[in-house]
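The file start.pdb contains PDB, C-alpha atoms:
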```pdb
ATOM      1  CA  MET A 974      -6.110  28.289  -8.354
ATOM      2  CA  SER A 975      -5.404  24.622  -8.966
ATOM      3  CA  GLU A 976      -5.916  24.427 -12.721
ATOM      4  CA  ILE A 977      -4.401  26.194 -15.720
ATOM      5  CA  THR A 978      -6.987  27.668 -18.047
ATOM      6  CA  ALA A 979      -7.112  28.609 -21.691
ATOM      7  CA  ALA A 980      -7.329  32.222 -22.770
ATOM      8  CA  VAL A 981     -10.807  33.660 -22.228
ATOM      9  CA  PRO A 982     -12.470  34.875 -25.423
ATOM     10  CA  THR A 983     -13.971  38.351 -25.469
ATOM     11  CA  GLY A 984     -17.526  38.581 -24.324
ATOM     12  CA  SER A 985     -17.276  36.040 -21.507
ATOM     13  CA  THR A 986     -16.559  36.730 -17.887
ATOM     14  CA  SER A 987     -12.916  36.103 -17.154
ATOM     15  CA  THR A 988     -13.439  36.248 -13.391
ATOM     16  CA  ASP A 989     -15.752  33.230 -13.469
ATOM     17  CA  SER A 990     -13.265  31.264 -15.557
ATOM     18  CA  ALA A 991     -10.317  32.243 -13.400
ATOM     19  CA  ARG A 992     -12.161  31.433 -10.185
ATOM     20  CA  THR A 993     -13.396  28.006 -11.284
ATOM     21  CA  GLY A 994     -10.218  27.065 -13.114
ATOM     22  CA  SER A 995     -11.955  26.085 -16.324
ATOM     23  CA  THR A 996     -12.597  27.590 -19.714
ATOM     24  CA  PRO A 997     -15.910  29.369 -20.346
ATOM     25  CA  THR A 998     -17.221  26.108 -21.792
ATOM     26  CA  GLY A 999     -16.333  24.263 -18.586
ATOM     27  CA  VAL A1000     -13.544  22.176 -20.155
ATOM     28  CA  VAL A1001     -10.366  21.873 -18.130
ATOM     29  CA  ILE A1002      -7.285  22.292 -20.307
ATOM     30  CA  ALA A1003      -4.533  21.164 -17.906
ATOM     31  CA  GLU A1004      -4.061  20.748 -14.195
ATOM     32  CA  SER A1005      -1.260  21.937 -12.006
ATOM     33  CA  ALA A1006       1.096  19.567 -10.234
ATOM     34  CA  THR A1007      -0.603  20.424  -6.950
ATOM     35  CA  ALA A1008      -3.958  18.967  -7.979
ATOM     36  CA  ARG A1009      -2.333  15.885  -9.507
ATOM     37  CA  GLY A1010      -0.153  15.447  -6.447
ATOM     38  CA  ARG A1011      -3.130  15.648  -4.120
ATOM     39  CA  ARG A1012      -5.044  13.039  -6.121
ATOM     40  CA  ALA A1013      -1.950  10.805  -6.243
ATOM     41  CA  ARG A1014      -1.596  11.013  -2.445
ATOM     42  CA  ILE A1015      -5.265  10.152  -2.008
ATOM     43  CA  ALA A1016      -4.979   7.215  -4.430
ATOM     44  CA  LEU A1017      -1.860   5.932  -2.674
ATOM     45  CA  ARG A1018      -3.595   6.201   0.696
ATOM     46  CA  ALA A1019      -6.570   4.255  -0.701
ATOM     47  CA  VAL A1020      -4.214   1.514  -1.923
ATOM     48  CA  GLN A1021      -2.632   1.394   1.536
ATOM     49  CA  VAL A1022      -6.017   1.031   3.236
ATOM     50  CA  LEU A1023      -7.090  -1.702   0.799
ATOM     51  CA  LEU A1024      -3.824  -3.585   1.315
ATOM     52  CA  ALA A1025      -4.131  -3.217   5.079
ATOM     53  CA  LEU A1026      -7.666  -4.635   4.938
ATOM     54  CA  PHE A1027      -6.508  -7.478   2.709
ATOM     55  CA  TYR A1028      -3.607  -8.417   4.960
ATOM     56  CA  ALA A1029      -5.643  -8.109   8.165
ATOM     57  CA  ILE A1030      -8.831  -9.861   7.051
ATOM     58  CA  ALA A1031      -8.048 -12.154   4.135
ATOM     59  CA  SER A1032      -4.515 -13.159   5.048
ATOM     60  CA  ALA A1033      -3.800 -12.795   8.785
ATOM     61  CA  LEU A1034      -7.228 -13.625  10.209
ATOM     62  CA  PRO A1035      -7.466 -17.198   8.847
ATOM     63  CA  LYS A1036      -4.014 -17.914  10.269
ATOM     64  CA  LEU A1037      -4.737 -16.345  13.647
ATOM     65  CA  ILE A1038      -8.034 -18.179  14.133
ATOM     66  CA  GLY A1039      -6.498 -21.444  12.949
ATOM     67  CA  HIS A1040      -8.763 -21.923   9.937
ATOM     68  CA  GLU A1041      -8.381 -25.446   8.602
ATOM     69  CA  SER A1042      -7.126 -24.344   5.158
ATOM     70  CA  ALA A1043      -4.327 -22.322   6.750
ATOM     71  CA  ALA A1044      -3.548 -25.086   9.229
ATOM     72  CA  GLU A1045      -3.288 -27.670   6.438
ATOM     73  CA  SER A1046      -0.920 -25.466   4.443
ATOM     74  CA  PHE A1047       1.404 -24.901   7.378
ATOM     75  CA  GLU A1048       1.340 -28.592   8.319
ATOM     76  CA  ARG A1049       2.324 -29.408   4.742
ATOM     77  CA  LEU A1050       5.218 -26.970   5.101
ATOM     78  CA  GLY A1051       6.236 -28.623   8.340
ATOM     79  CA  TRP A1052       5.936 -25.342  10.250
ATOM     80  CA  GLY A1053       2.863 -26.337  12.261
ATOM     81  CA  SER A1054       0.693 -23.982  14.237
ATOM     82  CA  ALA A1055       3.642 -21.952  15.598
ATOM     83  CA  GLY A1056       4.640 -20.942  12.057
ATOM     84  CA  MET A1057       1.036 -20.218  11.135
ATOM     85  CA  TYR A1058       0.469 -17.932  14.136
ATOM     86  CA  THR A1059       3.824 -16.210  13.629
ATOM     87  CA  ILE A1060       3.151 -15.411   9.969
ATOM     88  CA  GLY A1061      -0.400 -14.319  10.837
ATOM     89  CA  ALA A1062       0.892 -11.988  13.562
ATOM     90  CA  LEU A1063       3.516 -10.521  11.213
ATOM     91  CA  GLU A1064       0.877  -9.892   8.549
ATOM     92  CA  LEU A1065      -1.468  -8.260  11.056
ATOM     93  CA  ALA A1066       1.339  -6.068  12.402
ATOM     94  CA  GLY A1067       2.236  -5.068   8.834
ATOM     95  CA  ALA A1068      -1.394  -4.268   8.048
ATOM     96  CA  ILE A1069      -1.643  -1.988  11.071
ATOM     97  CA  ALA A1070       1.728  -0.369  10.349
ATOM     98  CA  LEU A1071       0.623   0.418   6.766
ATOM     99  CA  LEU A1072      -1.862   2.839   8.337
ATOM    100  CA  ILE A1073       0.650   4.604  10.626
ATOM    101  CA  PRO A1074       2.396   7.405   8.707
ATOM    102  CA  MET A1075       5.865   6.990  10.239
ATOM    103  CA  LEU A1076       5.811   3.201   9.668
ATOM    104  CA  GLN A1077       4.242   3.000   6.195
ATOM    105  CA  SER A1078       7.427   2.537   4.193
ATOM    106  CA  VAL A1079       8.985   0.102   6.665
ATOM    107  CA  ALA A1080       5.737  -1.888   6.779
ATOM    108  CA  ALA A1081       5.600  -2.066   2.990
ATOM    109  CA  MET A1082       9.201  -3.319   2.883
ATOM    110  CA  ALA A1083       8.552  -5.909   5.603
ATOM    111  CA  LEU A1084       5.377  -7.158   3.922
ATOM    112  CA  GLY A1085       7.282  -7.216   0.639
ATOM    113  CA  ALA A1086       9.901  -9.466   2.248
ATOM    114  CA  LEU A1087       7.100 -11.746   3.440
ATOM    115  CA  MET A1088       5.750 -11.827  -0.126
ATOM    116  CA  VAL A1089       9.157 -12.827  -1.497
ATOM    117  CA  GLY A1090       9.158 -15.679   1.011
ATOM    118  CA  ALA A1091       5.581 -16.576   0.105
ATOM    119  CA  PHE A1092       6.513 -16.669  -3.573
ATOM    120  CA  ILE A1093       9.439 -18.988  -2.881
ATOM    121  CA  VAL A1094       7.238 -21.281  -0.769
ATOM    122  CA  GLN A1095       4.473 -21.271  -3.378
ATOM    123  CA  THR A1096       6.838 -22.225  -6.189
ATOM    124  CA  THR A1097       8.877 -24.822  -4.308
ATOM    125  CA  VAL A1098       6.390 -26.498  -1.969
ATOM    126  CA  PHE A1099       3.011 -25.906  -3.603
ATOM    127  CA  ASP A1100       4.106 -26.207  -7.267
ATOM    128  CA  GLY A1101       3.299 -22.557  -8.021
ATOM    129  CA  GLN A1102      -0.431 -22.962  -7.474
ATOM    130  CA  TYR A1103      -0.858 -19.440  -6.048
ATOM    131  CA  ALA A1104       2.563 -17.978  -6.874
ATOM    132  CA  ALA A1105       1.086 -15.006  -8.757
ATOM    133  CA  THR A1106      -0.607 -13.596  -5.638
ATOM    134  CA  PRO A1107       2.591 -12.579  -3.790
ATOM    135  CA  VAL A1108       4.049 -11.133  -6.999
ATOM    136  CA  ILE A1109       0.920  -9.064  -7.595
ATOM    137  CA  LEU A1110       1.004  -7.821  -3.992
ATOM    138  CA  LEU A1111       4.679  -6.874  -4.344
ATOM    139  CA  LEU A1112       3.850  -4.208  -6.928
ATOM    140  CA  PRO A1113       1.777  -1.874  -4.719
ATOM    141  CA  LEU A1114       4.002  -2.628  -1.715
ATOM    142  CA  THR A1115       7.042  -1.486  -3.694
ATOM    143  CA  LEU A1116       5.192   1.663  -4.762
ATOM    144  CA  ILE A1117       4.249   2.445  -1.152
ATOM    145  CA  ALA A1118       7.779   1.806   0.124
ATOM    146  CA  TRP A1119       9.212   4.136  -2.501
ATOM    147  CA  ALA A1120       6.552   6.858  -2.265
ATOM    148  CA  ARG A1121       6.671   6.960   1.541
ATOM    149  CA  ARG A1122      10.467   6.677   1.832
ATOM    150  CA  ARG A1123      10.646  10.099   3.479
ATOM    151  CA  HIS A1124       8.863   8.581   6.467
ATOM    152  CA  THR A1125      11.649   6.021   6.808
ATOM    153  CA  ALA A1126      14.186   8.842   6.973
ATOM    154  CA  ASP A1127      12.039  10.581   9.618
ATOM    155  CA  LEU A1128      11.845   7.353  11.609
ATOM    156  CA  LEU A1129      15.618   6.888  11.446
ATOM    157  CA  ARG A1130      16.192  10.464  12.648
ATOM    158  CA  LEU A1131      13.790   9.875  15.528
ATOM    159  CA  LEU A1132      15.531   6.645  16.526
ATOM    160  CA  ARG A1133      18.985   8.232  16.348
ATOM    161  CA  ARG A1134      17.946  10.941  18.831
ATOM    162  CA  ARG A1135      17.475   8.307  21.517
TER     163      ARG A1135
END
```
Write-out of the structure in structure tokens:
Amino acid sequence: MSEITAAVPTGSTSTDSARTGSTPTGVVIAESATARGRRARIALRAVQVLLALFYAIASALPKLIGHESAAESFERLGWGSAGMYTIGALELAGAIALLIPMLQSVAAMALGALMVGAFIVQTTVFDGQYAATPVILLLPLTLIAWARRRHTADLLRLLRRR
């Protein structure tokens, strides 16, 4: 049973209430940690997939195909096409790694480091025009890195065996 139920009044069938996890009126009183934990894991996974799609399609792809807006930005930085392709490749690798269980936390930390760099570049070179974007992206990346930290420990144990 995944939900805690209220006491069943006399005259109703307690087996139906106990089996469905709700009161005879169908109102759920409270949920166990297991149900909340499952929904939290699903929500976190959804955030990871959305971030991976964002980094792969909206961020890395324009850099990797040499879109003129990305090329102009990197020329203004003085990094040229080599910097643009490097950052695009790092973002794509991070997006893919966000979907691999053992690499999720490390990927979130690496993408977070890229976002710190992006924030610094946005505020110093581009006068803060889009500085809020990396800060906003840092929030879910930090959550993922923390929530999936056990995977980092597993990865370290695996690497130490070799």
Need to verify the contact set: segment 1111-1117 of chain A, 8 Å, only C-alpha atoms, exclusion of same-chain residues closer than 6 positions in sequence. Can you return it as a PDB file with C-alpha atoms, in the coordinates of the input?
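Output file selection.pdb follows:
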```pdb
ATOM      1  CA  LEU A1017      -1.860   5.932  -2.674  1.00  0.00           C
ATOM      2  CA  VAL A1020      -4.214   1.514  -1.923  1.00  0.00           C
ATOM      3  CA  GLN A1021      -2.632   1.394   1.536  1.00  0.00           C
ATOM      4  CA  GLN A1077       4.242   3.000   6.195  1.00  0.00           C
ATOM      5  CA  SER A1078       7.427   2.537   4.193  1.00  0.00           C
ATOM      6  CA  ALA A1081       5.600  -2.066   2.990  1.00  0.00           C
ATOM      7  CA  MET A1082       9.201  -3.319   2.883  1.00  0.00           C
ATOM      8  CA  LEU A1084       5.377  -7.158   3.922  1.00  0.00           C
ATOM      9  CA  GLY A1085       7.282  -7.216   0.639  1.00  0.00           C
ATOM     10  CA  MET A1088       5.750 -11.827  -0.126  1.00  0.00           C
ATOM     11  CA  VAL A1089       9.157 -12.827  -1.497  1.00  0.00           C
TER      12      VAL A1089
END
```
Expand the PyMOL selection byres ((chain A and resi 1054) around 10) into the individual residues it matches in the shown file, reporting them as a list in words. Lys1036, Leu1037, Gly1039, Ala1043, Ala1044, Glu1045, Phe1047, Glu1048, Gly1051, Trp1052, Gly1053, Ala1055, Gly1056, Met1057, Tyr1058, Thr1059 and Ile1060 of chain A
I need every residue sitting at most 12 Å from the point (-1.9, -6.8, 10.7) (coordinates as in the file, only C-alpha atoms considered), written as a compact mmCIF listing (two decimals) with C-alpha atoms, in the frame of the given file.
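Saved file point04.txt follows:
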```txt
# COMPACT_ATOMS: atom_id res chain seq x y z
CA VAL A 1022 -6.02 1.03 3.24
CA LEU A 1024 -3.82 -3.58 1.32
CA ALA A 1025 -4.13 -3.22 5.08
CA LEU A 1026 -7.67 -4.64 4.94
CA PHE A 1027 -6.51 -7.48 2.71
CA TYR A 1028 -3.61 -8.42 4.96
CA ALA A 1029 -5.64 -8.11 8.16
CA ILE A 1030 -8.83 -9.86 7.05
CA ALA A 1031 -8.05 -12.15 4.14
CA SER A 1032 -4.51 -13.16 5.05
CA ALA A 1033 -3.80 -12.80 8.78
CA LEU A 1034 -7.23 -13.62 10.21
CA PRO A 1035 -7.47 -17.20 8.85
CA LYS A 1036 -4.01 -17.91 10.27
CA LEU A 1037 -4.74 -16.34 13.65
CA TYR A 1058 0.47 -17.93 14.14
CA THR A 1059 3.82 -16.21 13.63
CA ILE A 1060 3.15 -15.41 9.97
CA GLY A 1061 -0.40 -14.32 10.84
CA ALA A 1062 0.89 -11.99 13.56
CA LEU A 1063 3.52 -10.52 11.21
CA GLU A 1064 0.88 -9.89 8.55
CA LEU A 1065 -1.47 -8.26 11.06
CA ALA A 1066 1.34 -6.07 12.40
CA GLY A 1067 2.24 -5.07 8.83
CA ALA A 1068 -1.39 -4.27 8.05
CA ILE A 1069 -1.64 -1.99 11.07
CA ALA A 1070 1.73 -0.37 10.35
CA LEU A 1071 0.62 0.42 6.77
CA LEU A 1072 -1.86 2.84 8.34
CA ILE A 1073 0.65 4.60 10.63
CA ALA A 1080 5.74 -1.89 6.78
CA ALA A 1081 5.60 -2.07 2.99
CA ALA A 1083 8.55 -5.91 5.60
CA LEU A 1084 5.38 -7.16 3.92
```
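Proximity to Leu1076 of chain A at 8 Å, evaluated using all atoms listed in the file and with sequence-adjacent residues fewer than 6 positions away removed, yields Ala1070, His1124, Thr1125 and Leu1128 of chain A.
For the pair atom CA of Ala1091 of chain A and atom CA of Ser1042 of chain A, the separation is 15.7 Å.
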Return as JSON the box centre and box size in Å, one decimal, for an axis-aligned box around all listed atoms of segment 1037-1049 of chain A padded by 8 Å per side.
```
{"center_x": -3.2, "center_y": -22.9, "center_z": 9.3, "size_x": 27.1, "size_y": 29.1, "size_z": 25.7}
```
Can you find the residues with an atom no farther than 7 Å from (3.9, -30.6, 0.2), counting only C-alpha atoms, and report them as a PyMOL selection string? chain A and resi 1049-1050+1098-1099
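Among the candidates A:Ala1008, A:Val1079, A:Ala1019, A:Ala1013, the residue lying nearest to Ala1126 of chain A is A:Val1079 (atoms considered: only C-alpha atoms).
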Mind pulling up the distance from atom CA of Pro1074 of chain A to atom CA of Leu1129 of chain A?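 Interatomic distance, atom CA of Leu1129 of chain A to atom CA of Pro1074 of chain A: 13.5 Å.
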Mind pulling up the distance from atom CA of Ala1104 of chain A to atom CA of Arg1122 of chain A?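 Distance reported for this atom pair: 27.3 Å.
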With all atoms listed in the file as the basis for distance, which of A:Ala1016, A:Leu1132, A:Ala1120, A:Val1108 is at the shortest distance from Leu1087 of chain A?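 Checking each candidate against Leu1087 of chain A, we get A:Val1108 as the closest.
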